[in-house]
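Enquirer: Just one file: work16.pdb, with PDB, C-alpha atoms, pLDDT in the B column.
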```pdb
ATOM      1  CA  GLU G   1     -88.620  -5.566 -36.368  1.00 58.00           C
ATOM      2  CA  THR G   2     -90.344  -8.883 -35.772  1.00 62.00           C
ATOM      3  CA  GLY G   3     -88.617 -12.220 -36.297  1.00 87.00           C
ATOM      4  CA  VAL G   4     -90.912 -13.091 -39.193  1.00 93.00           C
ATOM      5  CA  THR G   5     -89.290 -12.943 -42.617  1.00 94.00           C
ATOM      6  CA  GLN G   6     -90.929 -13.373 -46.002  1.00 96.00           C
ATOM      7  CA  SER G   7     -89.460 -13.935 -49.432  1.00 96.00           C
ATOM      8  CA  PRO G   8     -89.432 -12.604 -52.002  1.00 96.00           C
ATOM      9  CA  THR G   9     -90.394  -9.005 -51.213  1.00 95.00           C
ATOM     10  CA  HIS G  10     -91.688  -8.324 -54.716  1.00 96.00           C
ATOM     11  CA  LEU G  11     -92.786 -10.608 -57.523  1.00 96.00           C
ATOM     12  CA  ILE G  12     -94.277 -10.174 -60.985  1.00 98.00           C
ATOM     13  CA  LYS G  13     -96.055 -13.119 -62.608  1.00 98.00           C
ATOM     14  CA  THR G  14     -98.132 -13.681 -65.697  1.00 98.00           C
ATOM     15  CA  ARG G  15    -101.768 -14.708 -65.568  1.00 98.00           C
ATOM     16  CA  GLY G  16    -102.084 -18.508 -65.471  1.00 98.00           C
ATOM     17  CA  GLN G  17     -98.706 -19.084 -63.846  1.00 98.00           C
ATOM     18  CA  GLN G  18     -98.056 -20.557 -60.420  1.00 98.00           C
ATOM     19  CA  VAL G  19     -96.283 -18.860 -57.524  1.00 98.00           C
ATOM     20  CA  THR G  20     -94.773 -19.923 -54.189  1.00 98.00           C
ATOM     21  CA  LEU G  21     -94.304 -17.471 -51.348  1.00 98.00           C
ATOM     22  CA  ARG G  22     -92.227 -18.310 -48.298  1.00 98.00           C
ATOM     23  CA  CYS G  23     -92.356 -17.368 -44.645  1.00 97.00           C
ATOM     24  CA  SER G  24     -89.964 -18.018 -41.803  1.00 95.00           C
ATOM     25  CA  SER G  25     -91.849 -17.713 -38.536  1.00 91.00           C
ATOM     26  CA  GLN G  26     -90.587 -16.222 -35.303  1.00 86.00           C
ATOM     27  CA  SER G  27     -88.542 -18.561 -33.157  1.00 83.00           C
ATOM     28  CA  GLY G  28     -90.736 -20.583 -30.808  1.00 83.00           C
ATOM     29  CA  HIS G  29     -93.966 -19.904 -32.691  1.00 86.00           C
ATOM     30  CA  ASN G  30     -96.012 -22.910 -33.818  1.00 87.00           C
ATOM     31  CA  THR G  31     -98.844 -21.269 -35.735  1.00 90.00           C
ATOM     32  CA  VAL G  32     -98.667 -19.537 -39.100  1.00 93.00           C
ATOM     33  CA  SER G  33    -101.444 -17.662 -40.855  1.00 94.00           C
ATOM     34  CA  TRP G  34    -101.539 -16.116 -44.309  1.00 97.00           C
ATOM     35  CA  TYR G  35    -103.466 -12.995 -45.258  1.00 97.00           C
ATOM     36  CA  GLN G  36    -104.151 -11.259 -48.563  1.00 98.00           C
ATOM     37  CA  GLN G  37    -104.241  -7.465 -48.516  1.00 96.00           C
ATOM     38  CA  ALA G  38    -105.616  -5.829 -51.644  1.00 95.00           C
ATOM     39  CA  LEU G  39    -104.731  -2.199 -52.270  1.00 92.00           C
ATOM     40  CA  GLY G  40    -106.562   0.109 -49.872  1.00 89.00           C
ATOM     41  CA  GLN G  41    -108.130  -2.759 -47.930  1.00 92.00           C
ATOM     42  CA  GLY G  42    -107.572  -4.561 -44.672  1.00 94.00           C
ATOM     43  CA  PRO G  43    -105.942  -8.002 -44.738  1.00 96.00           C
ATOM     44  CA  GLN G  44    -108.211 -10.978 -45.456  1.00 97.00           C
ATOM     45  CA  PHE G  45    -107.593 -14.381 -43.850  1.00 95.00           C
ATOM     46  CA  ILE G  46    -106.520 -17.106 -46.282  1.00 97.00           C
ATOM     47  CA  PHE G  47    -105.674 -20.030 -43.990  1.00 95.00           C
ATOM     48  CA  GLN G  48    -103.853 -21.064 -40.835  1.00 93.00           C
ATOM     49  CA  TYR G  49    -101.433 -23.872 -40.033  1.00 93.00           C
ATOM     50  CA  TYR G  50    -100.849 -25.311 -36.596  1.00 89.00           C
ATOM     51  CA  ARG G  51     -98.222 -28.014 -36.088  1.00 86.00           C
ATOM     52  CA  GLU G  52     -98.050 -28.714 -39.829  1.00 89.00           C
ATOM     53  CA  GLU G  53    -101.812 -29.151 -40.280  1.00 90.00           C
ATOM     54  CA  GLU G  54    -104.228 -26.719 -41.903  1.00 90.00           C
ATOM     55  CA  ASN G  55    -106.761 -25.889 -39.185  1.00 88.00           C
ATOM     56  CA  GLY G  56    -108.810 -23.117 -40.709  1.00 89.00           C
ATOM     57  CA  ARG G  57    -109.474 -21.533 -44.061  1.00 92.00           C
ATOM     58  CA  GLY G  58    -111.043 -18.315 -45.268  1.00 92.00           C
ATOM     59  CA  ASN G  59    -113.129 -17.738 -48.368  1.00 94.00           C
ATOM     60  CA  PHE G  60    -110.415 -18.546 -50.893  1.00 97.00           C
ATOM     61  CA  PRO G  61    -110.555 -21.137 -53.705  1.00 97.00           C
ATOM     62  CA  PRO G  62    -108.575 -24.411 -53.617  1.00 96.00           C
ATOM     63  CA  ARG G  63    -105.944 -23.008 -55.973  1.00 97.00           C
ATOM     64  CA  PHE G  64    -104.629 -21.289 -52.842  1.00 98.00           C
ATOM     65  CA  SER G  65    -102.766 -23.959 -50.885  1.00 97.00           C
ATOM     66  CA  GLY G  66    -100.080 -24.083 -48.264  1.00 96.00           C
ATOM     67  CA  LEU G  67     -97.616 -26.067 -46.246  1.00 95.00           C
ATOM     68  CA  GLN G  68     -96.053 -25.808 -42.847  1.00 94.00           C
ATOM     69  CA  PHE G  69     -92.743 -27.544 -42.210  1.00 92.00           C
ATOM     70  CA  PRO G  70     -91.386 -29.176 -39.014  1.00 90.00           C
ATOM     71  CA  ASN G  71     -89.416 -26.008 -38.242  1.00 87.00           C
ATOM     72  CA  TYR G  72     -92.757 -24.131 -38.511  1.00 87.00           C
ATOM     73  CA  SER G  73     -91.762 -22.192 -41.624  1.00 92.00           C
ATOM     74  CA  SER G  74     -94.464 -22.057 -44.257  1.00 96.00           C
ATOM     75  CA  GLU G  75     -95.253 -21.718 -47.941  1.00 97.00           C
ATOM     76  CA  LEU G  76     -98.227 -20.272 -49.754  1.00 98.00           C
ATOM     77  CA  ASN G  77     -98.844 -21.620 -53.245  1.00 98.00           C
ATOM     78  CA  VAL G  78    -101.201 -20.068 -55.749  1.00 98.00           C
ATOM     79  CA  ASN G  79    -101.994 -21.874 -58.993  1.00 97.00           C
ATOM     80  CA  ALA G  80    -103.541 -20.494 -62.177  1.00 98.00           C
ATOM     81  CA  LEU G  81    -102.894 -16.891 -61.195  1.00 98.00           C
ATOM     82  CA  GLU G  82    -105.581 -14.326 -61.948  1.00 98.00           C
ATOM     83  CA  LEU G  83    -105.253 -10.566 -62.216  1.00 97.00           C
ATOM     84  CA  ASP G  84    -107.265 -10.180 -58.987  1.00 97.00           C
ATOM     85  CA  ASP G  85    -104.603 -12.119 -57.115  1.00 98.00           C
ATOM     86  CA  SER G  86    -102.416  -9.016 -57.276  1.00 98.00           C
ATOM     87  CA  ALA G  87    -102.013  -7.994 -53.629  1.00 97.00           C
ATOM     88  CA  LEU G  88     -99.721  -7.855 -50.636  1.00 97.00           C
ATOM     89  CA  TYR G  89     -99.474 -11.286 -49.001  1.00 98.00           C
ATOM     90  CA  LEU G  90     -98.754 -11.228 -45.293  1.00 97.00           C
ATOM     91  CA  CYS G  91     -97.534 -14.047 -43.133  1.00 96.00           C
ATOM     92  CA  ALA G  92     -98.248 -13.947 -39.401  1.00 94.00           C
ATOM     93  CA  SER G  93     -96.780 -16.223 -36.766  1.00 92.00           C
ATOM     94  CA  SER G  94     -98.008 -16.762 -33.237  1.00 88.00           C
ATOM     95  CA  LEU G  95     -97.694 -19.109 -30.303  1.00 85.00           C
ATOM     96  CA  ARG G  96    -100.624 -21.258 -29.379  1.00 80.00           C
ATOM     97  CA  THR G  97    -100.460 -23.229 -26.129  1.00 76.00           C
ATOM     98  CA  GLY G  98    -103.609 -25.198 -25.488  1.00 68.00           C
ATOM     99  CA  VAL G  99    -106.498 -22.767 -25.669  1.00 62.00           C
ATOM    100  CA  LEU G 100    -104.341 -19.702 -25.193  1.00 63.00           C
ATOM    101  CA  ILE G 101    -103.238 -17.693 -28.179  1.00 69.00           C
ATOM    102  CA  ARG G 102    -100.877 -14.793 -28.197  1.00 71.00           C
ATOM    103  CA  GLU G 103    -100.997 -11.964 -30.684  1.00 81.00           C
ATOM    104  CA  ALA G 104     -99.521 -12.530 -34.110  1.00 87.00           C
ATOM    105  CA  PHE G 105     -96.335 -11.009 -35.442  1.00 91.00           C
ATOM    106  CA  PHE G 106     -96.343 -10.145 -39.110  1.00 93.00           C
ATOM    107  CA  GLY G 107     -93.706 -10.260 -41.784  1.00 94.00           C
ATOM    108  CA  GLN G 108     -93.091  -7.387 -44.173  1.00 93.00           C
ATOM    109  CA  GLY G 109     -95.131  -9.067 -46.865  1.00 95.00           C
ATOM    110  CA  THR G 110     -94.667 -10.112 -50.473  1.00 97.00           C
ATOM    111  CA  ARG G 111     -96.055  -7.751 -53.099  1.00 97.00           C
ATOM    112  CA  LEU G 112     -97.403  -9.922 -55.926  1.00 98.00           C
ATOM    113  CA  THR G 113     -98.323  -8.343 -59.238  1.00 98.00           C
ATOM    114  CA  VAL G 114    -100.088 -10.451 -61.864  1.00 98.00           C
ATOM    115  CA  VAL G 115     -99.969  -9.105 -65.419  1.00 97.00           C
TER
ATOM    116  CA  ALA L   1    -120.222 -13.384 -38.837  1.00 78.00           C
ATOM    117  CA  GLN L   2    -118.085 -10.817 -37.152  1.00 84.00           C
ATOM    118  CA  THR L   3    -117.432  -7.474 -38.817  1.00 93.00           C
ATOM    119  CA  VAL L   4    -115.133  -4.568 -37.995  1.00 97.00           C
ATOM    120  CA  THR L   5    -115.877  -1.016 -39.126  1.00 97.00           C
ATOM    121  CA  GLN L   6    -113.497   1.924 -39.225  1.00 97.00           C
ATOM    122  CA  SER L   7    -115.480   4.952 -40.337  1.00 96.00           C
ATOM    123  CA  GLN L   8    -112.580   7.397 -40.697  1.00 96.00           C
ATOM    124  CA  PRO L   9    -110.608   6.667 -43.909  1.00 96.00           C
ATOM    125  CA  GLU L  10    -108.124   9.486 -43.236  1.00 97.00           C
ATOM    126  CA  MET L  11    -107.163  11.714 -40.333  1.00 97.00           C
ATOM    127  CA  SER L  12    -104.479  14.237 -39.603  1.00 97.00           C
ATOM    128  CA  VAL L  13    -103.102  15.656 -36.370  1.00 98.00           C
ATOM    129  CA  GLN L  14    -100.493  18.219 -35.434  1.00 98.00           C
ATOM    130  CA  GLU L  15     -97.331  16.945 -33.832  1.00 97.00           C
ATOM    131  CA  ALA L  16     -97.607  16.756 -30.007  1.00 97.00           C
ATOM    132  CA  GLU L  17    -101.417  16.823 -30.076  1.00 98.00           C
ATOM    133  CA  THR L  18    -103.878  14.017 -29.313  1.00 98.00           C
ATOM    134  CA  VAL L  19    -105.950  12.084 -31.820  1.00 98.00           C
ATOM    135  CA  THR L  20    -108.604   9.388 -31.465  1.00 98.00           C
ATOM    136  CA  LEU L  21    -109.285   6.715 -34.069  1.00 98.00           C
ATOM    137  CA  SER L  22    -112.685   5.008 -34.043  1.00 98.00           C
ATOM    138  CA  CYS L  23    -113.572   1.351 -34.422  1.00 98.00           C
ATOM    139  CA  THR L  24    -116.821  -0.536 -33.996  1.00 98.00           C
ATOM    140  CA  TYR L  25    -117.402  -4.234 -34.345  1.00 97.00           C
ATOM    141  CA  ASP L  26    -120.253  -6.657 -34.449  1.00 95.00           C
ATOM    142  CA  THR L  27    -120.260 -10.017 -32.698  1.00 92.00           C
ATOM    143  CA  SER L  28    -122.518 -12.208 -30.628  1.00 90.00           C
ATOM    144  CA  GLU L  29    -119.555 -13.689 -28.763  1.00 88.00           C
ATOM    145  CA  ASN L  30    -118.658 -12.861 -25.186  1.00 87.00           C
ATOM    146  CA  ASN L  31    -114.987 -13.834 -25.175  1.00 87.00           C
ATOM    147  CA  TYR L  32    -112.711 -12.350 -27.802  1.00 90.00           C
ATOM    148  CA  TYR L  33    -109.683 -10.131 -28.353  1.00 92.00           C
ATOM    149  CA  LEU L  34    -109.342  -6.727 -29.947  1.00 95.00           C
ATOM    150  CA  PHE L  35    -106.194  -5.210 -31.392  1.00 95.00           C
ATOM    151  CA  TRP L  36    -104.853  -2.108 -33.034  1.00 97.00           C
ATOM    152  CA  TYR L  37    -102.117  -2.654 -35.588  1.00 96.00           C
ATOM    153  CA  LYS L  38    -100.042  -0.002 -37.324  1.00 96.00           C
ATOM    154  CA  GLN L  39     -98.829  -0.406 -40.904  1.00 95.00           C
ATOM    155  CA  PRO L  40     -96.210   2.161 -41.953  1.00 93.00           C
ATOM    156  CA  PRO L  41     -95.036   2.484 -45.572  1.00 87.00           C
ATOM    157  CA  SER L  42     -92.600  -0.355 -44.878  1.00 82.00           C
ATOM    158  CA  ARG L  43     -95.739  -2.562 -44.985  1.00 86.00           C
ATOM    159  CA  GLN L  44     -95.003  -4.522 -41.815  1.00 89.00           C
ATOM    160  CA  MET L  45     -97.966  -4.750 -39.480  1.00 92.00           C
ATOM    161  CA  ILE L  46     -96.865  -3.729 -35.996  1.00 93.00           C
ATOM    162  CA  LEU L  47     -98.913  -4.446 -32.889  1.00 93.00           C
ATOM    163  CA  VAL L  48     -99.870  -1.259 -31.067  1.00 96.00           C
ATOM    164  CA  ILE L  49    -102.161  -2.491 -28.327  1.00 95.00           C
ATOM    165  CA  ARG L  50    -104.265  -5.501 -27.301  1.00 94.00           C
ATOM    166  CA  GLN L  51    -107.456  -5.793 -25.235  1.00 94.00           C
ATOM    167  CA  GLU L  52    -109.109  -8.929 -23.887  1.00 91.00           C
ATOM    168  CA  ALA L  53    -112.893  -8.632 -23.852  1.00 91.00           C
ATOM    169  CA  TYR L  54    -113.197 -10.055 -20.345  1.00 89.00           C
ATOM    170  CA  LYS L  55    -111.069  -7.237 -18.931  1.00 90.00           C
ATOM    171  CA  GLN L  56    -112.993  -4.123 -17.968  1.00 87.00           C
ATOM    172  CA  GLN L  57    -109.856  -2.034 -17.587  1.00 93.00           C
ATOM    173  CA  ASN L  58    -108.778  -0.223 -20.725  1.00 95.00           C
ATOM    174  CA  ALA L  59    -105.373  -1.225 -22.064  1.00 94.00           C
ATOM    175  CA  THR L  60    -102.564   1.325 -22.233  1.00 95.00           C
ATOM    176  CA  GLU L  61     -99.111   1.225 -23.830  1.00 94.00           C
ATOM    177  CA  ASN L  62     -97.096   4.379 -23.271  1.00 96.00           C
ATOM    178  CA  ARG L  63     -98.701   7.078 -25.467  1.00 97.00           C
ATOM    179  CA  PHE L  64    -101.381   4.703 -26.750  1.00 98.00           C
ATOM    180  CA  SER L  65    -104.581   3.883 -24.914  1.00 97.00           C
ATOM    181  CA  VAL L  66    -107.966   2.459 -25.805  1.00 97.00           C
ATOM    182  CA  ASN L  67    -111.531   3.202 -24.828  1.00 97.00           C
ATOM    183  CA  PHE L  68    -113.218  -0.208 -24.806  1.00 97.00           C
ATOM    184  CA  GLN L  69    -116.998  -0.078 -24.542  1.00 96.00           C
ATOM    185  CA  LYS L  70    -118.142  -3.718 -24.666  1.00 94.00           C
ATOM    186  CA  ALA L  71    -121.874  -3.075 -24.600  1.00 94.00           C
ATOM    187  CA  ALA L  72    -121.581  -0.523 -27.389  1.00 95.00           C
ATOM    188  CA  LYS L  73    -119.089  -2.733 -29.267  1.00 96.00           C
ATOM    189  CA  SER L  74    -116.729   0.164 -29.607  1.00 97.00           C
ATOM    190  CA  PHE L  75    -112.923   0.118 -29.417  1.00 97.00           C
ATOM    191  CA  SER L  76    -111.264   3.475 -30.073  1.00 98.00           C
ATOM    192  CA  LEU L  77    -107.531   4.225 -30.001  1.00 98.00           C
ATOM    193  CA  LYS L  78    -106.154   7.415 -28.466  1.00 98.00           C
ATOM    194  CA  ILE L  79    -102.665   8.558 -29.407  1.00 98.00           C
ATOM    195  CA  SER L  80    -101.264  11.216 -27.094  1.00 98.00           C
ATOM    196  CA  ASP L  81     -98.321  13.503 -27.864  1.00 98.00           C
ATOM    197  CA  SER L  82     -98.403  12.474 -31.540  1.00 98.00           C
ATOM    198  CA  GLN L  83     -95.031  12.040 -33.216  1.00 97.00           C
ATOM    199  CA  LEU L  84     -94.044  12.127 -36.895  1.00 97.00           C
ATOM    200  CA  GLY L  85     -93.227   8.426 -36.647  1.00 95.00           C
ATOM    201  CA  ASP L  86     -96.873   7.699 -35.864  1.00 97.00           C
ATOM    202  CA  THR L  87     -97.749   8.441 -39.491  1.00 97.00           C
ATOM    203  CA  ALA L  88     -99.127   5.155 -40.805  1.00 97.00           C
ATOM    204  CA  MET L  89    -102.228   3.149 -41.644  1.00 97.00           C
ATOM    205  CA  TYR L  90    -103.979   1.932 -38.496  1.00 98.00           C
ATOM    206  CA  PHE L  91    -106.078  -1.215 -38.502  1.00 98.00           C
ATOM    207  CA  CYS L  92    -108.538  -2.333 -35.861  1.00 98.00           C
ATOM    208  CA  ALA L  93    -108.833  -6.119 -35.607  1.00 96.00           C
ATOM    209  CA  PHE L  94    -111.071  -8.668 -33.884  1.00 95.00           C
ATOM    210  CA  MET L  95    -110.040 -12.208 -33.004  1.00 91.00           C
ATOM    211  CA  LYS L  96    -111.745 -15.185 -31.385  1.00 82.00           C
ATOM    212  CA  GLU L  97    -111.333 -18.901 -31.522  1.00 77.00           C
ATOM    213  CA  GLY L  98    -113.173 -20.411 -34.449  1.00 73.00           C
ATOM    214  CA  THR L  99    -113.973 -23.954 -35.412  1.00 69.00           C
ATOM    215  CA  SER L 100    -111.037 -26.385 -35.417  1.00 71.00           C
ATOM    216  CA  GLY L 101    -109.234 -24.115 -32.991  1.00 73.00           C
ATOM    217  CA  THR L 102    -108.604 -21.512 -35.678  1.00 78.00           C
ATOM    218  CA  TYR L 103    -107.601 -18.065 -34.502  1.00 83.00           C
ATOM    219  CA  LYS L 104    -108.028 -15.531 -37.285  1.00 88.00           C
ATOM    220  CA  TYR L 105    -108.021 -11.770 -37.387  1.00 92.00           C
ATOM    221  CA  ILE L 106    -110.907  -9.858 -38.889  1.00 95.00           C
ATOM    222  CA  PHE L 107    -109.592  -6.466 -39.880  1.00 96.00           C
ATOM    223  CA  GLY L 108    -111.295  -3.180 -40.566  1.00 97.00           C
ATOM    224  CA  THR L 109    -110.511  -1.190 -43.706  1.00 96.00           C
ATOM    225  CA  GLY L 110    -108.053   1.036 -41.890  1.00 97.00           C
ATOM    226  CA  THR L 111    -107.552   4.701 -41.038  1.00 98.00           C
ATOM    227  CA  ARG L 112    -104.679   6.565 -42.665  1.00 97.00           C
ATOM    228  CA  LEU L 113    -103.160   8.873 -40.044  1.00 98.00           C
ATOM    229  CA  LYS L 114    -100.835  11.698 -40.970  1.00 97.00           C
ATOM    230  CA  VAL L 115     -98.945  13.595 -38.273  1.00 97.00           C
ATOM    231  CA  LEU L 116     -98.108  17.117 -39.366  1.00 97.00           C
ATOM    232  CA  ALA L 117     -94.958  18.961 -38.315  1.00 95.00           C
TER
END
```
Hey, can you dump this file as structure tokens for me?

Expert:
Amino acid sequence: ETGVTQSPTHLIKTRGQQVTLRCSSQSGHNTVSWYQQALGQGPQFIFQYYREEENGRGNFPPRFSGLQFPNYSSELNVNALELDDSALYLCASSLRTGVLIREAFFGQGTRLTVV
Amino acid sequence: AQTVTQSQPEMSVQEAETVTLSCTYDTSENNYYLFWYKQPPSRQMILVIRQEAYKQQNATENRFSVNFQKAAKSFSLKISDSQLGDTAMYFCAFMKEGTSGTYKYIFGTGTRLKVLA
């Protein structure tokens, strides 16, 4: 078990609604990344937060947004949900010190179903 | 852009035997990291092994070892003495520093491994 926890574990939303997913990163970690994993696929990078600032983004539209808080926990917000947003959303936390990065530890994910 | 390819969608192995999972990647970078992650039905991605590209020595972690061929851009995972608990989806992943100091994983599509009793 890693120290990364995500909530909720499962969620069902209707197309057009908005959703907020939460992640509590491992103690001492200052970097949080979010990934989307569609069924049968590898995870795809959404964005990364380092010290409360977004410092990298994958090929996802602006309706995917996030926050990182002073305690390094994080939220992923998705507006105007589409059916294709149905996926497992993974949060990963890691420690970055200068130019060194350690491997990420993942949470158990939030399974989002859009109907 | 970097890509990671896992050409074996599914594999099976008898308990106590050895199995090798394949991974190739494409990059023009010289410094990067490679990983194998395991994802059991519980969904949590668990780090199996890590390799820094500048290290010539292959990484090992107990029953898990890699064959890192930098020139061939190949990074295979060998599991020795397979156990039922090794049944999972295995993902190969590439990471390097991007613009703005971003460190992101690029994952392959995974190999589903089943260990048979």

Enquirer: Determine the residue membership of the PyMOL selection byres ((chain G) within 10 of (chain L)) for the file above and supply it as JSON, numbers by chain.

Expert: {"G": [1, 2, 4, 31, 33, 34, 35, 40, 41, 42, 43, 44, 45, 46, 47, 48, 49, 50, 54, 55, 56, 57, 58, 88, 90, 91, 92, 94, 96, 98, 99, 100, 101, 102, 103, 104, 105, 106, 107, 108, 109, 110, 111]}

Enquirer: One number please: atom CA of G:Pro61 to atom CA of G:Ala80, in Å, one decimal.

Expert: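 Between these atoms lies a distance of 11.0 Å.
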
Enquirer: Would you mind reading off the distance between atom CA of L:Gln14 and atom CA of L:Glu61, one decimal, in Å?

Expert: 20.6 Å

Enquirer: Run the PyMOL selection byres ((chain L and resi 84) around 7) on the file and write out the hits as a VMD selection string.

Expert: chain L and resid 15 82 to 83 85 to 87 115 to 116

Enquirer: Of the residues G:Ser7, G:Ser25, G:Thr97, G:Thr113, which is the one nearest to G:Asp85, using all atoms listed in the file?

Expert: G:Thr113

Enquirer: So how far away is atom CA of G:Gln6 from atom CA of L:Tyr37, in Å?

Expert: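 So the answer is 18.7 Å.
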
Enquirer: Could you expand the PyMOL selection byres ((chain L and resi 25) around 9) into the explicit residues it covers here, written as a list of chain:residue names?

Expert: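 That selection, the PyMOL selection byres ((chain L and resi 25) around 9), comes back as L:Gln2, L:Thr3, L:Val4, L:Thr5, L:Gln6, L:Cys23, L:Thr24, L:Asp26, L:Thr27, L:Ala72, L:Lys73, L:Ser74, L:Phe75, L:Ala93, L:Phe94, L:Gly108.
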
Enquirer: Could you write out that same residue set with C-alpha atoms as a PDB file, in the coordinates of the input?

Expert:
```pdb
ATOM      1  CA  GLN L   2    -118.085 -10.817 -37.152  1.00 84.00           C
ATOM      2  CA  THR L   3    -117.432  -7.474 -38.817  1.00 93.00           C
ATOM      3  CA  VAL L   4    -115.133  -4.568 -37.995  1.00 97.00           C
ATOM      4  CA  THR L   5    -115.877  -1.016 -39.126  1.00 97.00           C
ATOM      5  CA  GLN L   6    -113.497   1.924 -39.225  1.00 97.00           C
ATOM      6  CA  CYS L  23    -113.572   1.351 -34.422  1.00 98.00           C
ATOM      7  CA  THR L  24    -116.821  -0.536 -33.996  1.00 98.00           C
ATOM      8  CA  ASP L  26    -120.253  -6.657 -34.449  1.00 95.00           C
ATOM      9  CA  THR L  27    -120.260 -10.017 -32.698  1.00 92.00           C
ATOM     10  CA  ALA L  72    -121.581  -0.523 -27.389  1.00 95.00           C
ATOM     11  CA  LYS L  73    -119.089  -2.733 -29.267  1.00 96.00           C
ATOM     12  CA  SER L  74    -116.729   0.164 -29.607  1.00 97.00           C
ATOM     13  CA  PHE L  75    -112.923   0.118 -29.417  1.00 97.00           C
ATOM     14  CA  ALA L  93    -108.833  -6.119 -35.607  1.00 96.00           C
ATOM     15  CA  PHE L  94    -111.071  -8.668 -33.884  1.00 95.00           C
ATOM     16  CA  GLY L 108    -111.295  -3.180 -40.566  1.00 97.00           C
TER      17      GLY L 108
END
```

Enquirer: Could you list, as a PDB file with C-alpha atoms, in the frame of the given file, every residue within 12 Å of G:Asp84, counting all atoms listed in the file and ignoring same-chain residues fewer than 6 positions away?

Expert:
```pdb
ATOM      1  CA  THR G  14     -98.132 -13.681 -65.697  1.00 98.00           C
ATOM      2  CA  ARG G  15    -101.768 -14.708 -65.568  1.00 98.00           C
ATOM      3  CA  GLY G  16    -102.084 -18.508 -65.471  1.00 98.00           C
ATOM      4  CA  GLN G  36    -104.151 -11.259 -48.563  1.00 98.00           C
ATOM      5  CA  GLN G  37    -104.241  -7.465 -48.516  1.00 96.00           C
ATOM      6  CA  ALA G  38    -105.616  -5.829 -51.644  1.00 95.00           C
ATOM      7  CA  LEU G  39    -104.731  -2.199 -52.270  1.00 92.00           C
ATOM      8  CA  LEU G 112     -97.403  -9.922 -55.926  1.00 98.00           C
ATOM      9  CA  THR G 113     -98.323  -8.343 -59.238  1.00 98.00           C
ATOM     10  CA  VAL G 114    -100.088 -10.451 -61.864  1.00 98.00           C
ATOM     11  CA  VAL G 115     -99.969  -9.105 -65.419  1.00 97.00           C
TER      12      VAL G 115
END
```

Enquirer: I need every residue sitting at most 12 Å from the point (-101.8, -1.3, -22.1) (coordinates as in the file, only C-alpha atoms considered), written as a count of residues only.

Expert: 23
